Each structure stands twice: as structure tokens, then as C-alpha cells.
file entry_4.cif (mmCIF, C-alpha atoms)
data_query
loop_
_atom_site.label_atom_id
_atom_site.label_comp_id
_atom_site.auth_asym_id
_atom_site.auth_seq_id
_atom_site.Cartn_x
_atom_site.Cartn_y
_atom_site.Cartn_z
CA MET A 12 110.25 -12.91 46.65
CA ARG A 13 109.32 -10.18 44.20
CA ARG A 14 108.76 -6.49 44.75
CA LYS A 15 105.19 -5.18 44.42
CA LEU A 16 105.28 -2.39 41.85
CA THR A 17 103.13 0.73 42.23
CA GLU A 18 104.06 2.17 38.82
CA PRO A 19 105.72 1.02 35.57
CA ILE A 20 109.52 0.84 35.34
CA GLN A 21 111.45 2.24 32.40
CA ILE A 22 113.79 -0.47 31.08
CA GLN A 23 116.05 -1.19 28.11
CA THR A 24 118.41 -3.86 26.85
CA LYS A 25 122.04 -3.55 27.90
CA ASP A 26 123.01 -2.36 24.42
CA GLY A 27 120.20 0.21 24.38
CA ARG A 28 118.64 -1.12 21.16
CA VAL A 29 115.32 -2.07 22.79
CA ILE A 30 113.51 0.53 24.91
CA ALA A 31 110.53 -0.59 26.97
CA LYS A 32 108.43 -0.21 30.09
CA TYR A 33 107.88 -3.02 32.63
CA LEU A 34 104.24 -2.84 33.74
CA GLN A 35 102.82 -3.66 37.18
CA ASP A 36 101.17 -6.86 35.92
CA GLY A 37 104.46 -8.25 34.56
CA ARG A 38 103.86 -7.40 30.91
CA VAL A 39 106.33 -5.36 28.88
CA LYS A 40 105.48 -2.45 26.58
CA VAL A 41 108.19 -2.11 23.93
CA TYR A 42 108.40 1.24 22.16
CA LYS A 43 108.49 1.82 18.42
CA GLY A 44 111.97 2.16 17.03
CA SER A 45 113.24 -0.81 19.06
CA PHE A 46 115.42 -3.33 17.26
CA PHE A 47 113.93 -6.45 15.64
CA ARG A 48 116.18 -9.22 14.33
CA ASP A 49 114.82 -10.75 11.13
CA VAL A 50 116.67 -14.06 11.50
CA GLU A 51 115.55 -16.62 14.09
CA VAL A 52 117.12 -19.84 15.42
CA ASN A 53 115.48 -23.21 14.75
CA SER A 54 115.14 -23.95 18.47
CA LEU A 55 112.82 -20.98 19.04
CA ARG A 56 109.68 -21.98 20.94
CA GLN A 57 106.48 -22.11 18.93
CA ASN A 58 104.69 -19.45 20.96
CA VAL A 59 107.58 -17.02 20.32
CA LYS A 60 107.55 -17.89 16.62
CA ASN A 61 103.82 -17.12 16.58
CA GLU A 62 104.47 -13.75 18.25
CA ARG A 63 107.10 -12.87 15.64
CA LEU A 64 104.80 -13.86 12.78
CA TYR A 65 102.04 -11.69 14.22
CA LEU A 66 104.37 -8.68 14.38
CA ILE A 67 105.62 -9.23 10.82
CA ASN A 68 102.21 -9.91 9.28
CA ASN A 69 100.44 -7.01 10.98
CA GLY A 70 102.72 -4.17 10.01
CA TYR A 71 104.72 -3.85 13.23
CA ILE A 72 108.12 -4.40 11.58
CA THR A 73 109.98 -2.29 9.01
CA ASN A 74 113.75 -2.17 8.42
CA HIS A 75 114.61 -4.19 11.53
CA GLN A 76 112.54 -1.95 13.82
CA LEU A 77 109.16 -1.84 15.53
CA THR A 78 106.98 0.71 13.75
CA LYS A 79 104.63 1.11 16.74
CA ASP A 80 104.47 0.24 20.41
CA TYR A 81 103.63 -3.37 21.31
CA ILE A 82 102.84 -5.06 24.64
CA PHE A 83 104.31 -8.52 25.29
CA ASP A 84 103.07 -10.90 27.99
CA ASN A 85 106.38 -10.93 29.89
CA PRO A 86 110.05 -9.86 29.58
CA SER A 87 111.28 -13.20 28.24
CA ILE A 88 108.70 -13.36 25.47
CA ALA A 89 109.48 -9.74 24.60
CA ILE A 90 113.23 -10.12 24.22
CA SER A 91 113.02 -13.59 22.62
CA SER A 92 110.50 -12.36 20.04
CA LEU A 93 112.62 -9.34 19.17
CA LEU A 94 115.96 -11.15 18.94
CA GLY A 95 114.76 -14.41 17.41
CA ARG A 96 116.40 -16.56 20.08
CA MET A 97 115.41 -17.66 23.56
CA GLU A 98 116.55 -15.17 26.19
CA THR A 99 115.78 -14.57 29.86
CA GLY A 100 114.09 -11.19 30.05
CA ASN A 101 114.99 -10.51 33.67
CA GLN A 102 118.67 -10.68 32.70
CA ALA A 103 118.45 -9.06 29.24
CA PHE A 104 116.65 -5.92 30.46
CA VAL A 105 118.09 -3.34 32.86
CA THR A 106 116.63 -0.28 34.57
CA MET A 107 117.76 3.25 33.74
CA ASP A 108 120.20 2.87 36.67
CA ASN A 109 121.70 -0.17 34.91
CA ILE A 110 120.28 -2.68 37.41
CA GLU A 111 119.19 -6.01 35.92
CA LEU A 112 115.39 -6.23 35.95
CA GLY A 113 115.44 -9.51 37.89
CA SER A 114 117.56 -7.95 40.64
CA TYR A 115 115.48 -4.79 40.79
CA ILE A 116 112.18 -6.54 41.39
CA GLU A 117 113.48 -8.65 44.27
CA VAL A 118 111.71 -7.85 47.55
CA ASP A 119 113.57 -6.64 50.63
CA PRO A 120 114.16 -9.68 52.94
CA ILE A 121 112.45 -7.78 55.79
CA THR A 122 109.21 -7.74 53.81
CA ALA A 123 109.48 -11.49 53.26
CA TYR A 124 110.09 -12.00 56.97
CA GLU A 125 106.99 -10.00 57.90
CA GLN A 126 104.80 -12.06 55.55
CA ASN A 127 106.25 -15.34 56.82
CA ASN A 128 105.36 -14.29 60.35
CA LYS A 129 101.67 -13.98 59.39
CA ILE A 130 101.28 -17.56 58.17
CA ASN A 131 103.53 -18.81 60.97
CA GLU A 132 101.32 -17.19 63.61
CA PHE A 133 98.21 -18.68 61.97
CA VAL A 134 99.74 -22.18 61.96
CA ASP A 135 100.87 -21.77 65.58
CA LYS A 136 97.29 -20.92 66.56
CA LEU A 137 95.96 -23.99 64.71
CA THR A 138 98.49 -26.20 66.48
CA HIS A 139 97.66 -24.70 69.88
CA ASP A 140 93.91 -25.10 69.41
CA ARG A 141 94.32 -28.75 68.44
CA ALA A 142 96.59 -29.37 71.42
CA ILE A 143 93.97 -28.16 73.89
CA GLY A 144 91.21 -30.16 72.21
CA LEU A 145 89.42 -27.40 70.32
CA HIS A 146 87.71 -28.48 67.11
CA THR A 147 89.45 -26.85 64.17
CA LYS A 148 88.23 -27.16 60.61
CA LYS A 149 90.96 -27.94 58.11
CA ALA A 150 91.95 -24.88 56.09
CA ILE A 151 91.75 -26.97 52.93
CA ASP A 152 88.10 -27.73 53.67
CA GLU A 153 87.27 -24.03 53.69
CA ASP A 154 87.92 -23.98 49.93
CA ASP A 155 84.62 -24.51 48.16
CA PHE A 156 84.58 -27.78 46.20
CA ASP A 157 81.48 -26.58 44.34
CA LYS A 158 83.66 -24.05 42.52
CA THR A 159 86.08 -26.66 41.16
CA VAL A 160 87.21 -25.87 37.64
CA SER A 161 87.83 -28.87 35.39
CA SER A 162 88.86 -29.64 31.82
CA ASN A 163 85.16 -29.89 31.06
CA ASP A 164 85.06 -26.06 31.33
CA ILE A 165 87.76 -25.55 28.69
CA ILE A 166 86.71 -24.60 25.19
CA ASP A 167 89.91 -23.39 23.54
CA SER A 168 93.30 -24.93 24.33
CA THR A 169 95.52 -22.06 23.22
CA ASP A 170 99.32 -21.95 23.58
CA LEU A 171 99.87 -20.40 27.02
CA GLU A 172 102.88 -19.38 29.11
CA PRO A 173 102.96 -19.42 32.92
CA PHE A 174 103.52 -16.06 34.64
CA TYR A 175 105.38 -15.95 37.94
CA PHE A 176 105.16 -12.52 39.55
CA PRO A 177 103.30 -11.02 42.53
CA LEU A 178 99.68 -9.97 42.03
CA ASP A 179 97.36 -7.99 44.28
CA LYS A 180 95.10 -10.02 46.55
CA PRO A 181 91.75 -11.01 45.01
CA THR A 182 88.54 -9.35 46.20
CA LYS A 183 87.27 -10.58 49.56
CA ILE A 184 83.63 -11.74 49.51
CA THR A 185 81.76 -11.50 52.80
CA GLY A 186 78.62 -13.61 53.32
CA GLU A 187 77.78 -16.58 55.51
CA LYS A 188 81.50 -17.22 55.34
CA VAL A 189 84.41 -15.15 54.07
CA SER A 190 85.86 -16.20 50.71
CA PHE A 191 88.00 -14.72 47.95
CA LYS A 192 87.07 -14.18 44.34
CA ARG A 193 88.97 -16.54 42.07
CA ASN A 194 89.73 -16.30 38.37
CA PRO A 195 88.45 -19.46 36.64
CA GLU A 196 90.59 -18.70 33.58
CA LEU A 197 93.74 -19.22 35.66
CA ALA A 198 92.41 -22.57 36.85
CA LYS A 199 91.70 -23.64 33.25
CA LYS A 200 95.17 -22.44 32.30
CA SER A 201 96.78 -24.71 34.91
CA ILE A 202 95.12 -27.74 33.32
CA ILE A 203 96.25 -26.72 29.83
CA LEU A 204 99.82 -26.06 31.01
CA ALA A 205 99.88 -29.55 32.55
CA ASN A 206 98.77 -30.95 29.18
CA TYR A 207 95.74 -32.53 30.87
CA GLN A 208 97.98 -34.71 33.04
CA CYS A 209 97.93 -35.13 36.81
CA ASP A 210 100.74 -33.16 38.50
CA LEU A 211 101.08 -35.90 41.11
CA ASP A 212 101.47 -38.71 38.60
CA LYS A 213 101.29 -38.19 34.85
CA SER A 214 100.39 -41.86 34.36
CA HIS A 215 97.05 -41.39 36.15
CA LYS A 216 94.24 -41.86 33.63
CA SER A 217 90.79 -40.32 33.65
CA PHE A 218 87.71 -40.45 31.45
CA PHE A 219 87.24 -38.15 28.47
CA THR A 220 84.78 -35.29 28.78
CA LYS A 221 82.16 -34.43 26.18
CA ASN A 222 84.55 -31.83 24.75
CA GLY A 223 87.08 -34.59 24.03
CA LYS A 224 89.59 -33.74 26.76
CA PRO A 225 90.86 -35.97 29.61
CA TYR A 226 89.01 -34.99 32.77
CA MET A 227 91.27 -33.14 35.23
CA GLU A 228 90.62 -30.63 38.01
CA ALA A 229 92.39 -27.48 39.21
CA HIS A 230 93.50 -27.24 42.84
CA HIS A 231 95.02 -24.40 44.88
CA LEU A 232 98.02 -25.90 46.67
CA ILE A 233 97.90 -23.22 49.39
CA PRO A 234 94.17 -22.90 50.13
CA LEU A 235 92.56 -19.61 49.12
CA SER A 236 90.91 -19.58 52.54
CA THR A 237 94.31 -18.55 53.97
CA GLN A 238 94.64 -15.51 51.68
CA ASP A 239 94.47 -13.07 54.62
CA TYR A 240 97.84 -14.37 55.83
CA PHE A 241 99.69 -13.60 52.60
CA ASP A 242 100.61 -10.23 51.11
CA TYR A 243 100.03 -11.28 47.50
CA SER A 244 97.42 -13.26 45.61
CA LEU A 245 97.26 -17.03 46.02
CA ASP A 246 95.16 -17.23 42.85
CA VAL A 247 98.19 -17.39 40.56
CA ASP A 248 99.82 -19.86 38.17
CA ALA A 249 102.41 -20.98 40.71
CA ASN A 250 99.77 -22.02 43.25
CA ILE A 251 97.30 -23.83 40.98
CA VAL A 252 98.03 -27.47 40.16
CA CYS A 253 96.29 -29.92 37.84
CA LEU A 254 95.05 -33.13 39.46
CA CYS A 255 93.07 -36.17 38.41
CA PRO A 256 89.76 -36.31 40.34
CA ASN A 257 90.98 -39.15 42.55
CA CYS A 258 94.12 -37.28 43.66
CA HIS A 259 92.13 -34.09 44.15
CA ARG A 260 89.76 -35.77 46.57
CA LYS A 261 92.63 -37.59 48.23
CA LEU A 262 94.21 -34.23 49.16
CA HIS A 263 90.92 -33.08 50.66
CA TYR A 264 89.85 -36.30 52.38
CA GLY A 265 92.77 -38.76 52.32
CA ASP A 266 94.49 -40.09 55.43
CA ASN A 267 98.13 -40.19 54.33
CA ILE A 268 98.94 -37.34 51.94
CA THR A 269 102.38 -36.28 53.19
CA ASN A 270 104.33 -37.67 50.22
CA ASP A 271 101.84 -36.15 47.78
CA LEU A 272 102.23 -32.72 49.35
CA ILE A 273 106.03 -33.06 49.41
CA LYS A 274 106.06 -33.64 45.64
CA LEU A 275 103.77 -30.70 44.90
CA TYR A 276 105.63 -28.44 47.33
CA GLU A 277 109.05 -29.25 45.88
CA ASP A 278 107.73 -28.75 42.33
CA ARG A 279 106.19 -25.38 43.12
CA ILE A 280 108.06 -23.60 45.93
CA HIS A 281 110.51 -21.86 43.57
CA TYR A 282 107.66 -20.46 41.46
CA LEU A 283 105.64 -19.54 44.55
CA ARG A 284 108.52 -17.43 45.81
CA LEU A 285 108.83 -15.74 42.42
CA SER A 286 105.13 -14.89 42.83
CA GLY A 287 105.70 -13.25 46.22
CA ILE A 288 104.48 -16.26 48.22
CA ASP A 289 106.63 -18.08 50.77
CA ILE A 290 105.65 -20.95 53.02
CA SER A 291 107.56 -23.81 54.64
CA PHE A 292 106.48 -27.40 54.08
CA ASP A 293 105.72 -27.78 57.79
CA GLU A 294 103.34 -24.82 57.52
CA LEU A 295 101.72 -26.13 54.34
CA ILE A 296 100.93 -29.55 55.74
CA GLN A 297 99.26 -27.99 58.78
CA LEU A 298 96.66 -26.51 56.41
CA TYR A 299 95.67 -30.03 55.33
CA ILE A 300 95.42 -31.92 58.63
#

call {"tool": "encode", "arguments": {"input": "entry_4.cif", "output": "C-alpha cells"}}
result
Amino acid sequence: MRRKLTEPIQIQTKDGRVIAKYLQDGRVKVYKGSFFRDVEVNSLRQNVKNERLYLINNGYITNHQLTKDYIFDNPSIAISSLLGRMETGNQAFVTMDNIELGSYIEVDPITAYEQNNKINEFVDKLTHDRAIGLHTKKAIDEDDFDKTVSSNDIIDSTDLEPFYFPLDKPTKITGEKVSFKRNPELAKKSIILANYQCDLDKSHKSFFTKNGKPYMEAHHLIPLSTQDYFDYSLDVDANIVCLCPNCHRKLHYGDNITNDLIKLYEDRIHYLRLSGIDISFDELIQLYI
């Protein structure tokens, strides 16, 4: 799990040629004077190439250096754009105490334990209530289907990168029932990142929407209705999957969904933990039954 930052961290590359600041939202502000390598490898990802072209064409680069500060979306894009080759930012950058960025932002195991206890206690209560015959509404059913975001809502399919880091909890909305404000742009992003293919089975076909895109829907793997039991936001890239409409409704209303949840869980648990979210599969499935 990742550490929740209360202020930016001063960082630099191990050779000291790139000086930057790691911001609370996971972006990186690189200071003017930092090194920029003019040559790039052929295997460089297109989004990094685009970032380099933007810097060059907009007056950010002179004599192998940044001429003014620039904010990159994350450490890996920052270092890859500057060096012209794919690098892992969490390993390339170190703090002023010479601690690798990735190691520094790891959360104390005690914090992870305390969060795990919250969801564990909630699941234990669900199990107890069912055992004594109390009617319990499925946590997944508390998520409002009316707010489903689909590919029909997408206008521009830009080149996007997933971000896996802890975010503050979304705003709680109190009305007839308690809910949490969600960011529809993140839901759209999940569909674009999946290339408009179902995360359960890429062979699943759907109709084309009026905007010319295959119809897919975004789904929060861990229901947002359980947000109170987690220390960090559930409305993040790691927790939003892209599903065809049939699979989406199957997860909400289907009888046998264990194998489907196993696939999604195994695909996402690493990224969930990077985003400050930890849950066992046994706990996850209890939110769907």
C-alpha cells in the first residue's frame, strides 16, 4: 500500500541531473535546468513521444535542458520523456535522503492492517446478519445503476495512462441514502484504457453507439457503497473495470459469478494495493452475494 502524502516531496534522479518535486496527486513537477536527452529509442511509447514533441515544439528545451518548470502526469512519464527511453520513475527518482521514491511512498504495514480490519469487520457483520436470518441488501446493489457511465458518453478518445496511487476519499452525499460523489471522467477513462473491450472476455461483442464506439460500461469492482470502510478513494483507475452490458448485469444479478470475480480480482489486486486499497477475495465476494 502507498503512503498518503500531506505535502510535496523533493526528489531528483540518482545522478542529480533532474531535480523535481513529487506532488500529492502523483504528478511530478520538474524544475528548469533539468537534463533533457535529445536522442530517443525507437521503442519509446507513443504517449511519451508526444510529450517530448510538446516540450521541444513549445520552447521548453534548449541545449539539453528544460528552460522552465514542467508538470508531468507521473514519475515514469517524467523520466521517460526526459531521457528518451522507458524508465520506471519510482526507481529512477530518489528523495533528498537518497531513498528510492517507490520505497519512500510505501505505507507502514500497521496502517494497512488497520484498514483491513475495517472491511473485515463489515464483512463479518454481513455474514452474521445472514446467519441469523436478517435481510441484508447486497453491497453491490447499493451502487446506483442509473449513474452507469458507458462508451456512449465518450467524445474524445485521447491517449491516456492509468495512475495507481492513493487518493483522498470522494465527497459523501447524504440524502435518502448515503452515496459518494464519483468522477465520470475516470469511468470513461477505464473504457478507453480497455480499448472498448470487456475486461472479463475481450471476445464479447456489443452494438455500436451513435458515436461509432462499441458499447461498454464502467463498473466499480469494489462497490463505492463500501467507501466508509476504506482509507482511500475507491473511485480510482485500479478499481474501475470495463464490461460489456451483459457481463455488467451478470455481476449485479447473476447467480454464479465466482469465476468472473476471481478473474477481475486477480487482474486488479496488485494495482488496488498500489492505490492504497487492500481486500481479500473472500471479502470481495461477500459484497456481491

call {"tool": "resolve_selection", "arguments": {"input": "entry_4.cif", "expression": "the PyMOL selection byres ((chain A and resi 213) around 12)", "output": "compact mmCIF listing (two decimals) with C-alpha atoms, in the frame of the given file"}}
result
# COMPACT_ATOMS: atom_id res chain seq x y z
CA ALA A 205 99.88 -29.55 32.55
CA ASN A 206 98.77 -30.95 29.18
CA TYR A 207 95.74 -32.53 30.87
CA GLN A 208 97.98 -34.71 33.04
CA CYS A 209 97.93 -35.13 36.81
CA ASP A 210 100.74 -33.16 38.50
CA LEU A 211 101.08 -35.90 41.11
CA ASP A 212 101.47 -38.71 38.60
CA SER A 214 100.39 -41.86 34.36
CA HIS A 215 97.05 -41.39 36.15
CA LYS A 216 94.24 -41.86 33.63
CA SER A 217 90.79 -40.32 33.65
CA PRO A 225 90.86 -35.97 29.61
CA MET A 227 91.27 -33.14 35.23
CA CYS A 253 96.29 -29.92 37.84
CA LEU A 254 95.05 -33.13 39.46
CA CYS A 255 93.07 -36.17 38.41
CA CYS A 258 94.12 -37.28 43.66

call {"tool": "resolve_selection", "arguments": {"input": "entry_4.cif", "expression": "the PyMOL selection byres ((chain A and resi 38-50) around 8)", "output": "PyMOL selection string"}}
result
chain A and resi 28-37+51-52+72+75-86+89+93-95

call {"tool": "atom_distance", "arguments": {"input": "entry_4.cif", "atom1": "CA of Lys274 (chain A)", "atom2": "CA of Ser244 (chain A)"}}
result
22.1 Å

call {"tool": "residues_around", "arguments": {"input": "entry_4.cif", "residues": "Asn109 (chain A)", "least_positions_apart": "5", "cutoff": "12 Å", "atoms": "all atoms listed in the file", "output": "NGL selection string"}}
result
:A and (21-27 or 102-104 or 114-115)

call {"tool": "atom_distance", "arguments": {"input": "entry_4.cif", "atom1": "CA of Pro181 (chain A)", "atom2": "CA of Ile268 (chain A)"}}
result
28.2 Å

call {"tool": "atom_distance", "arguments": {"input": "entry_4.cif", "atom1": "CA of Gln238 (chain A)", "atom2": "CA of Asp293 (chain A)"}}
result
17.6 Å

call {"tool": "closest_residue", "arguments": {"input": "entry_4.cif", "among": "A:Asp140, A:Glu111, A:Glu153, A:Asp164", "to": "Leu235 (chain A)", "atoms": "all atoms listed in the file"}}
result
A:Glu153

call {"tool": "closest_residue", "arguments": {"input": "entry_4.cif", "among": "A:Ile143, A:Ile130, A:Ile88, A:Leu112", "to": "Gln57 (chain A)", "atoms": "only C-alpha atoms"}}
result
A:Ile88

call {"tool": "decode", "arguments": {"input": "entry_4.cif", "residues": "region 68-126 of chain A", "atoms": "C-alpha atoms", "output": "CSV table (one decimal), in the first residue's frame"}}
result
chain,number,residue,atom,x,y,z
A,68,ASN,CA,7.9,22.5,-30.0
A,69,ASN,CA,6.8,24.8,-27.3
A,70,GLY,CA,10.1,26.2,-26.2
A,71,TYR,CA,10.7,24.1,-23.1
A,72,ILE,CA,14.1,22.7,-24.4
A,73,THR,CA,17.4,24.5,-25.1
A,74,ASN,CA,20.9,23.0,-25.0
A,75,HIS,CA,19.8,19.7,-23.5
A,76,GLN,CA,17.9,21.4,-20.6
A,77,LEU,CA,14.4,22.4,-19.6
A,78,THR,CA,14.1,26.2,-19.9
A,79,LYS,CA,11.1,26.3,-17.5
A,80,ASP,CA,9.3,24.2,-15.0
A,81,TYR,CA,7.0,21.5,-16.3
A,82,ILE,CA,4.5,19.1,-14.6
A,83,PHE,CA,4.3,15.5,-15.8
A,84,ASP,CA,1.4,13.2,-15.1
A,85,ASN,CA,3.5,10.7,-13.2
A,86,PRO,CA,7.2,9.8,-12.4
A,87,SER,CA,7.6,7.3,-15.2
A,88,ILE,CA,6.3,9.6,-17.9
A,89,ALA,CA,8.6,12.3,-16.5
A,90,ILE,CA,11.8,10.4,-16.5
A,91,SER,CA,11.0,8.6,-19.8
A,92,SER,CA,10.2,11.9,-21.5
A,93,LEU,CA,13.4,13.5,-20.3
A,94,LEU,CA,15.7,10.5,-21.1
A,95,GLY,CA,14.1,9.3,-24.3
A,96,ARG,CA,13.8,5.8,-23.1
A,97,MET,CA,11.3,3.9,-21.0
A,98,GLU,CA,12.1,4.1,-17.3
A,99,THR,CA,10.3,3.3,-14.0
A,100,GLY,CA,10.0,6.6,-12.2
A,101,ASN,CA,9.7,5.1,-8.8
A,102,GLN,CA,13.2,3.6,-9.2
A,103,ALA,CA,14.8,6.4,-11.2
A,104,PHE,CA,13.9,9.1,-8.6
A,105,VAL,CA,15.2,9.3,-5.0
A,106,THR,CA,14.4,11.6,-2.1
A,107,MET,CA,16.9,14.1,-0.7
A,108,ASP,CA,17.8,11.3,1.8
A,109,ASN,CA,18.7,9.0,-1.2
A,110,ILE,CA,15.6,6.7,-0.7
A,111,GLU,CA,14.1,5.4,-3.9
A,112,LEU,CA,10.7,7.1,-4.5
A,113,GLY,CA,8.9,3.8,-4.7
A,114,SER,CA,10.3,2.7,-1.3
A,115,TYR,CA,9.5,6.1,0.3
A,116,ILE,CA,5.8,6.1,-0.5
A,117,GLU,CA,5.2,2.6,0.8
A,118,VAL,CA,2.7,2.7,3.7
A,119,ASP,CA,3.6,1.3,7.2
A,120,PRO,CA,2.2,-2.2,7.4
A,121,ILE,CA,0.3,-1.2,10.6
A,122,THR,CA,-1.7,1.3,8.6
A,123,ALA,CA,-2.6,-1.4,6.1
A,124,TYR,CA,-3.6,-3.7,9.0
A,125,GLU,CA,-5.9,-1.1,10.5
A,126,GLN,CA,-7.7,-0.5,7.1
